[in-house]
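Heads up, input_0.pdb below (PDB, C-alpha atoms and all ligand atoms):
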```pdb
ATOM      1  CA  MET A   1      37.569  10.385  -0.504  1.00  0.00           C
ATOM      2  CA  ARG A   2      38.580  11.592   2.891  1.00  0.00           C
ATOM      3  CA  ARG A   3      40.685   9.893   5.525  1.00  0.00           C
ATOM      4  CA  LEU A   4      38.943   9.018   8.769  1.00  0.00           C
ATOM      5  CA  PRO A   5      40.867  10.392  11.742  1.00  0.00           C
ATOM      6  CA  GLY A   6      43.139   7.846  13.378  1.00  0.00           C
ATOM      7  CA  HIS A   7      42.125   4.865  11.245  1.00  0.00           C
ATOM      8  CA  GLY A   8      44.105   5.221   8.048  1.00  0.00           C
ATOM      9  CA  LEU A   9      40.910   4.393   6.163  1.00  0.00           C
ATOM     10  CA  ARG A  10      39.282   6.413   3.438  1.00  0.00           C
ATOM     11  CA  ARG A  11      35.561   6.877   3.153  1.00  0.00           C
ATOM     12  CA  GLY A  12      33.935   7.128  -0.258  1.00  0.00           C
ATOM     13  CA  ASP A  13      31.974  10.086  -1.506  1.00  0.00           C
ATOM     14  CA  ALA A  14      28.639  10.791   0.156  1.00  0.00           C
ATOM     15  CA  VAL A  15      25.530   9.703  -1.735  1.00  0.00           C
ATOM     16  CA  ALA A  16      21.840  10.238  -1.066  1.00  0.00           C
ATOM     17  CA  VAL A  17      19.809   7.113  -0.361  1.00  0.00           C
ATOM     18  CA  THR A  18      16.415   6.394   1.153  1.00  0.00           C
ATOM     19  CA  VAL A  19      16.077   3.934   4.043  1.00  0.00           C
ATOM     20  CA  ASP A  20      12.543   2.864   4.922  1.00  0.00           C
ATOM     21  CA  GLY A  21      11.244   5.984   3.238  1.00  0.00           C
ATOM     22  CA  GLU A  22      13.569   8.376   5.049  1.00  0.00           C
ATOM     23  CA  PRO A  23      16.270  10.250   3.108  1.00  0.00           C
ATOM     24  CA  THR A  24      19.739   9.681   4.511  1.00  0.00           C
ATOM     25  CA  THR A  25      23.406   9.762   3.563  1.00  0.00           C
ATOM     26  CA  ALA A  26      25.550   6.734   2.740  1.00  0.00           C
ATOM     27  CA  TYR A  27      29.071   6.496   1.324  1.00  0.00           C
ATOM     28  CA  LEU A  28      30.323   4.855  -1.845  1.00  0.00           C
ATOM     29  CA  GLY A  29      32.177   1.654  -1.055  1.00  0.00           C
ATOM     30  CA  GLU A  30      29.869   0.764   1.826  1.00  0.00           C
ATOM     31  CA  SER A  31      27.397  -2.096   1.721  1.00  0.00           C
ATOM     32  CA  VAL A  32      23.682  -1.629   2.173  1.00  0.00           C
ATOM     33  CA  ALA A  33      24.092  -3.437   5.505  1.00  0.00           C
ATOM     34  CA  VAL A  34      26.488  -0.758   6.710  1.00  0.00           C
ATOM     35  CA  ALA A  35      24.088   1.976   5.617  1.00  0.00           C
ATOM     36  CA  LEU A  36      21.328   0.326   7.640  1.00  0.00           C
ATOM     37  CA  MET A  37      23.477  -0.200  10.731  1.00  0.00           C
ATOM     38  CA  ALA A  38      24.695   3.400  10.602  1.00  0.00           C
ATOM     39  CA  GLY A  39      21.128   4.396  11.361  1.00  0.00           C
ATOM     40  CA  GLY A  40      21.273   2.413  14.602  1.00  0.00           C
ATOM     41  CA  ASP A  41      18.858  -0.402  13.719  1.00  0.00           C
ATOM     42  CA  LEU A  42      20.645  -3.737  13.252  1.00  0.00           C
ATOM     43  CA  SER A  43      17.578  -5.503  11.845  1.00  0.00           C
ATOM     44  CA  THR A  44      17.394  -5.993   8.082  1.00  0.00           C
ATOM     45  CA  ARG A  45      14.216  -8.042   7.902  1.00  0.00           C
ATOM     46  CA  THR A  46      11.691 -10.100   9.813  1.00  0.00           C
ATOM     47  CA  THR A  47      10.813 -13.727   9.219  1.00  0.00           C
ATOM     48  CA  LYS A  48       7.314 -14.881   8.290  1.00  0.00           C
ATOM     49  CA  GLY A  49       6.845 -15.421  12.035  1.00  0.00           C
ATOM     50  CA  GLY A  50       7.888 -11.855  12.846  1.00  0.00           C
ATOM     51  CA  GLU A  51      11.355 -12.538  14.287  1.00  0.00           C
ATOM     52  CA  ASN A  52      14.079 -10.008  13.531  1.00  0.00           C
ATOM     53  CA  ARG A  53      17.043 -10.986  11.397  1.00  0.00           C
ATOM     54  CA  GLY A  54      20.190  -9.084  10.492  1.00  0.00           C
ATOM     55  CA  LEU A  55      23.784  -9.681   9.519  1.00  0.00           C
ATOM     56  CA  PHE A  56      25.027 -13.162  10.316  1.00  0.00           C
ATOM     57  CA  CYS A  57      27.740 -14.282   7.904  1.00  0.00           C
ATOM     58  CA  GLY A  58      28.387 -10.875   6.350  1.00  0.00           C
ATOM     59  CA  MET A  59      29.609 -12.466   3.129  1.00  0.00           C
ATOM     60  CA  GLY A  60      26.572 -13.464   1.091  1.00  0.00           C
ATOM     61  CA  VAL A  61      26.107 -17.045   2.266  1.00  0.00           C
ATOM     62  CA  CYS A  62      23.336 -17.183   4.879  1.00  0.00           C
ATOM     63  CA  PHE A  63      20.664 -14.904   3.358  1.00  0.00           C
ATOM     64  CA  ASP A  64      19.730 -13.539   6.782  1.00  0.00           C
ATOM     65  CA  CYS A  65      20.233  -9.941   5.647  1.00  0.00           C
ATOM     66  CA  LEU A  66      17.600  -9.754   2.903  1.00  0.00           C
ATOM     67  CA  VAL A  67      16.197  -6.302   2.142  1.00  0.00           C
ATOM     68  CA  VAL A  68      14.214  -4.612  -0.599  1.00  0.00           C
ATOM     69  CA  VAL A  69      16.434  -2.526  -2.914  1.00  0.00           C
ATOM     70  CA  ASP A  70      14.779  -0.363  -5.550  1.00  0.00           C
ATOM     71  CA  GLY A  71      11.655  -2.494  -5.202  1.00  0.00           C
ATOM     72  CA  VAL A  72      13.465  -5.833  -5.531  1.00  0.00           C
ATOM     73  CA  PRO A  73      12.947  -8.041  -2.445  1.00  0.00           C
ATOM     74  CA  GLY A  74      15.429 -10.699  -1.399  1.00  0.00           C
ATOM     75  CA  THR A  75      18.505  -8.552  -1.986  1.00  0.00           C
ATOM     76  CA  ARG A  76      21.440  -9.435   0.258  1.00  0.00           C
ATOM     77  CA  ALA A  77      22.383  -6.264   2.138  1.00  0.00           C
ATOM     78  CA  CYS A  78      25.883  -7.512   2.973  1.00  0.00           C
ATOM     79  CA  VAL A  79      27.019  -7.896  -0.640  1.00  0.00           C
ATOM     80  CA  THR A  80      25.138  -5.022  -2.272  1.00  0.00           C
ATOM     81  CA  TRP A  81      26.989  -1.714  -2.508  1.00  0.00           C
ATOM     82  CA  VAL A  82      25.214   1.584  -2.045  1.00  0.00           C
ATOM     83  CA  ARG A  83      24.858   3.970  -4.932  1.00  0.00           C
ATOM     84  CA  ASP A  84      23.371   7.399  -5.306  1.00  0.00           C
ATOM     85  CA  GLY A  85      19.575   7.405  -5.340  1.00  0.00           C
ATOM     86  CA  MET A  86      19.186   3.856  -4.021  1.00  0.00           C
ATOM     87  CA  ASP A  87      15.896   3.073  -2.298  1.00  0.00           C
ATOM     88  CA  ILE A  88      16.458   0.631   0.581  1.00  0.00           C
ATOM     89  CA  ALA A  89      13.737  -0.880   2.750  1.00  0.00           C
ATOM     90  CA  ARG A  90      13.813  -3.455   5.491  1.00  0.00           C
ATOM     91  CA  GLN A  91      11.868  -6.531   4.466  1.00  0.00           C
ATOM     92  CA  ASP A  92       8.972  -8.238   6.204  1.00  0.00           C
ATOM     93  CA  GLY A  93       8.539 -11.936   5.523  1.00  0.00           C
ATOM     94  CA  PRO A  94       9.446 -13.360   2.137  1.00  0.00           C
ATOM     95  CA  GLY A  95       9.552 -10.136   0.240  1.00  0.00           C
ATOM     96  CA  VAL A  96       7.197  -7.502   1.462  1.00  0.00           C
ATOM     97  CA  ARG A  97       8.558  -4.022   1.941  1.00  0.00           C
ATOM     98  CA  ARG A  98       8.312  -2.775   5.494  1.00  0.00           C
ATOM     99  CA  ALA A  99       5.996   0.197   5.841  1.00  0.00           C
ATOM    100  CA  ALA A 100       7.760   3.537   6.102  1.00  0.00           C
ATOM    101  CA  PRO A 101       7.588   5.323   9.439  1.00  0.00           C
ATOM    102  CA  GLY A 102       4.268   7.103   9.733  1.00  0.00           C
ATOM    103  CA  GLY A 103       3.001   5.340   6.634  1.00  0.00           C
TER     104      GLY A 103
HETATM  105  S1  LIG B 201      24.673 -11.688   6.253  1.00  0.00           S
HETATM  106 FE1  LIG B 201      24.694 -13.664   5.369  1.00  0.00          FE
HETATM  107  S2  LIG B 201      24.076 -13.320   3.312  1.00  0.00           S
HETATM  108 FE2  LIG B 201      24.212 -11.328   4.149  1.00  0.00          FE
END
```
Once more with this new file: its structure as structure tokens, please.
Ligand code: FES
Amino acid sequence: MRRLPGHGLRRGDAVAVTVDGEPTTAYLGESVAVALMAGGDLSTRTTKGGENRGLFCGMGVCFDCLVVVDGVPGTRACVTWVRDGMDIARQDGPGVRRAAPGG
């Protein structure tokens, strides 16, 4: 772990994950939601009607942050911790994986 400058916080070890088909880096101890937001897109899923959803409660209650993790739809991004090799995809509708960029 390394200390972040000026914050007194320590960041976990870097791990390799895939977000919407793109390889990226996340850090142990972070939630899947944080890994998604770090990429600059606050959306985690769309509703059946196509509206964007993202973090709302941030503590596993509202189910607004559902994503597909390792092929399992309906996973709450806010209470799921990243791990090395995790495959994360934003979710469309009730459980369909969002198409990867260019795919
Ligand atoms: S943000 Fe509410 S369950 Fe994840």
Please expand the PyMOL selection byres (((chain A and resi 32) around 7) and not hetatm) into the concrete residues it hits in this file, giving the result as a PyMOL selection string. chain A and resi 30-31+33-36+77-78+80-82
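The residues returned by the PyMOL selection byres (((chain A and resi 42) around 9) and not hetatm) on the shown structure are Ala33, Leu36, Met37, Ala38, Gly39, Gly40, Asp41, Ser43, Thr44, Arg53, Gly54 and Leu55 of chain A.
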How many Å separate CA of Ala89 in chain A from CA of Arg11 in chain A? 23.2 Å
List as an mmCIF file with C-alpha atoms, in the coordinates of the input the protein and nucleic acid residues near Ala14 in chain A, meaning an atom at most 12 Å away when only C-alpha atoms are counted, but skip any in the same chain fewer than 3 places from it.
```cif
data_model
loop_
_atom_site.group_PDB
_atom_site.id
_atom_site.type_symbol
_atom_site.label_atom_id
_atom_site.label_comp_id
_atom_site.auth_asym_id
_atom_site.auth_seq_id
_atom_site.Cartn_x
_atom_site.Cartn_y
_atom_site.Cartn_z
ATOM 1 C CA MET A 1 37.569 10.385 -0.504
ATOM 2 C CA ARG A 2 38.580 11.592 2.891
ATOM 3 C CA ARG A 10 39.282 6.413 3.438
ATOM 4 C CA ARG A 11 35.561 6.877 3.153
ATOM 5 C CA VAL A 17 19.809 7.113 -0.361
ATOM 6 C CA THR A 24 19.739 9.681 4.511
ATOM 7 C CA THR A 25 23.406 9.762 3.563
ATOM 8 C CA ALA A 26 25.550 6.734 2.740
ATOM 9 C CA TYR A 27 29.071 6.496 1.324
ATOM 10 C CA LEU A 28 30.323 4.855 -1.845
ATOM 11 C CA GLY A 29 32.177 1.654 -1.055
ATOM 12 C CA GLU A 30 29.869 0.764 1.826
ATOM 13 C CA ALA A 35 24.088 1.976 5.617
ATOM 14 C CA VAL A 82 25.214 1.584 -2.045
ATOM 15 C CA ARG A 83 24.858 3.970 -4.932
ATOM 16 C CA ASP A 84 23.371 7.399 -5.306
ATOM 17 C CA GLY A 85 19.575 7.405 -5.340
#
```
Any chance you could resolve the PyMOL selection byres (((not hetatm)) within 9 of (chain B and resi 201)) against this file and give the residues as a short mmCIF file (atom, residue, chain, number, x, y, z; two decimals) with C-alpha atoms, in the coordinates of the input?
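New file expr-v2.cif:
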```cif
data_model
loop_
_atom_site.label_atom_id
_atom_site.label_comp_id
_atom_site.auth_asym_id
_atom_site.auth_seq_id
_atom_site.Cartn_x
_atom_site.Cartn_y
_atom_site.Cartn_z
CA ALA A 33 24.09 -3.44 5.50
CA GLY A 54 20.19 -9.08 10.49
CA LEU A 55 23.78 -9.68 9.52
CA PHE A 56 25.03 -13.16 10.32
CA CYS A 57 27.74 -14.28 7.90
CA GLY A 58 28.39 -10.88 6.35
CA MET A 59 29.61 -12.47 3.13
CA GLY A 60 26.57 -13.46 1.09
CA VAL A 61 26.11 -17.05 2.27
CA CYS A 62 23.34 -17.18 4.88
CA PHE A 63 20.66 -14.90 3.36
CA ASP A 64 19.73 -13.54 6.78
CA CYS A 65 20.23 -9.94 5.65
CA LEU A 66 17.60 -9.75 2.90
CA THR A 75 18.50 -8.55 -1.99
CA ARG A 76 21.44 -9.44 0.26
CA ALA A 77 22.38 -6.26 2.14
CA CYS A 78 25.88 -7.51 2.97
CA VAL A 79 27.02 -7.90 -0.64
#
```
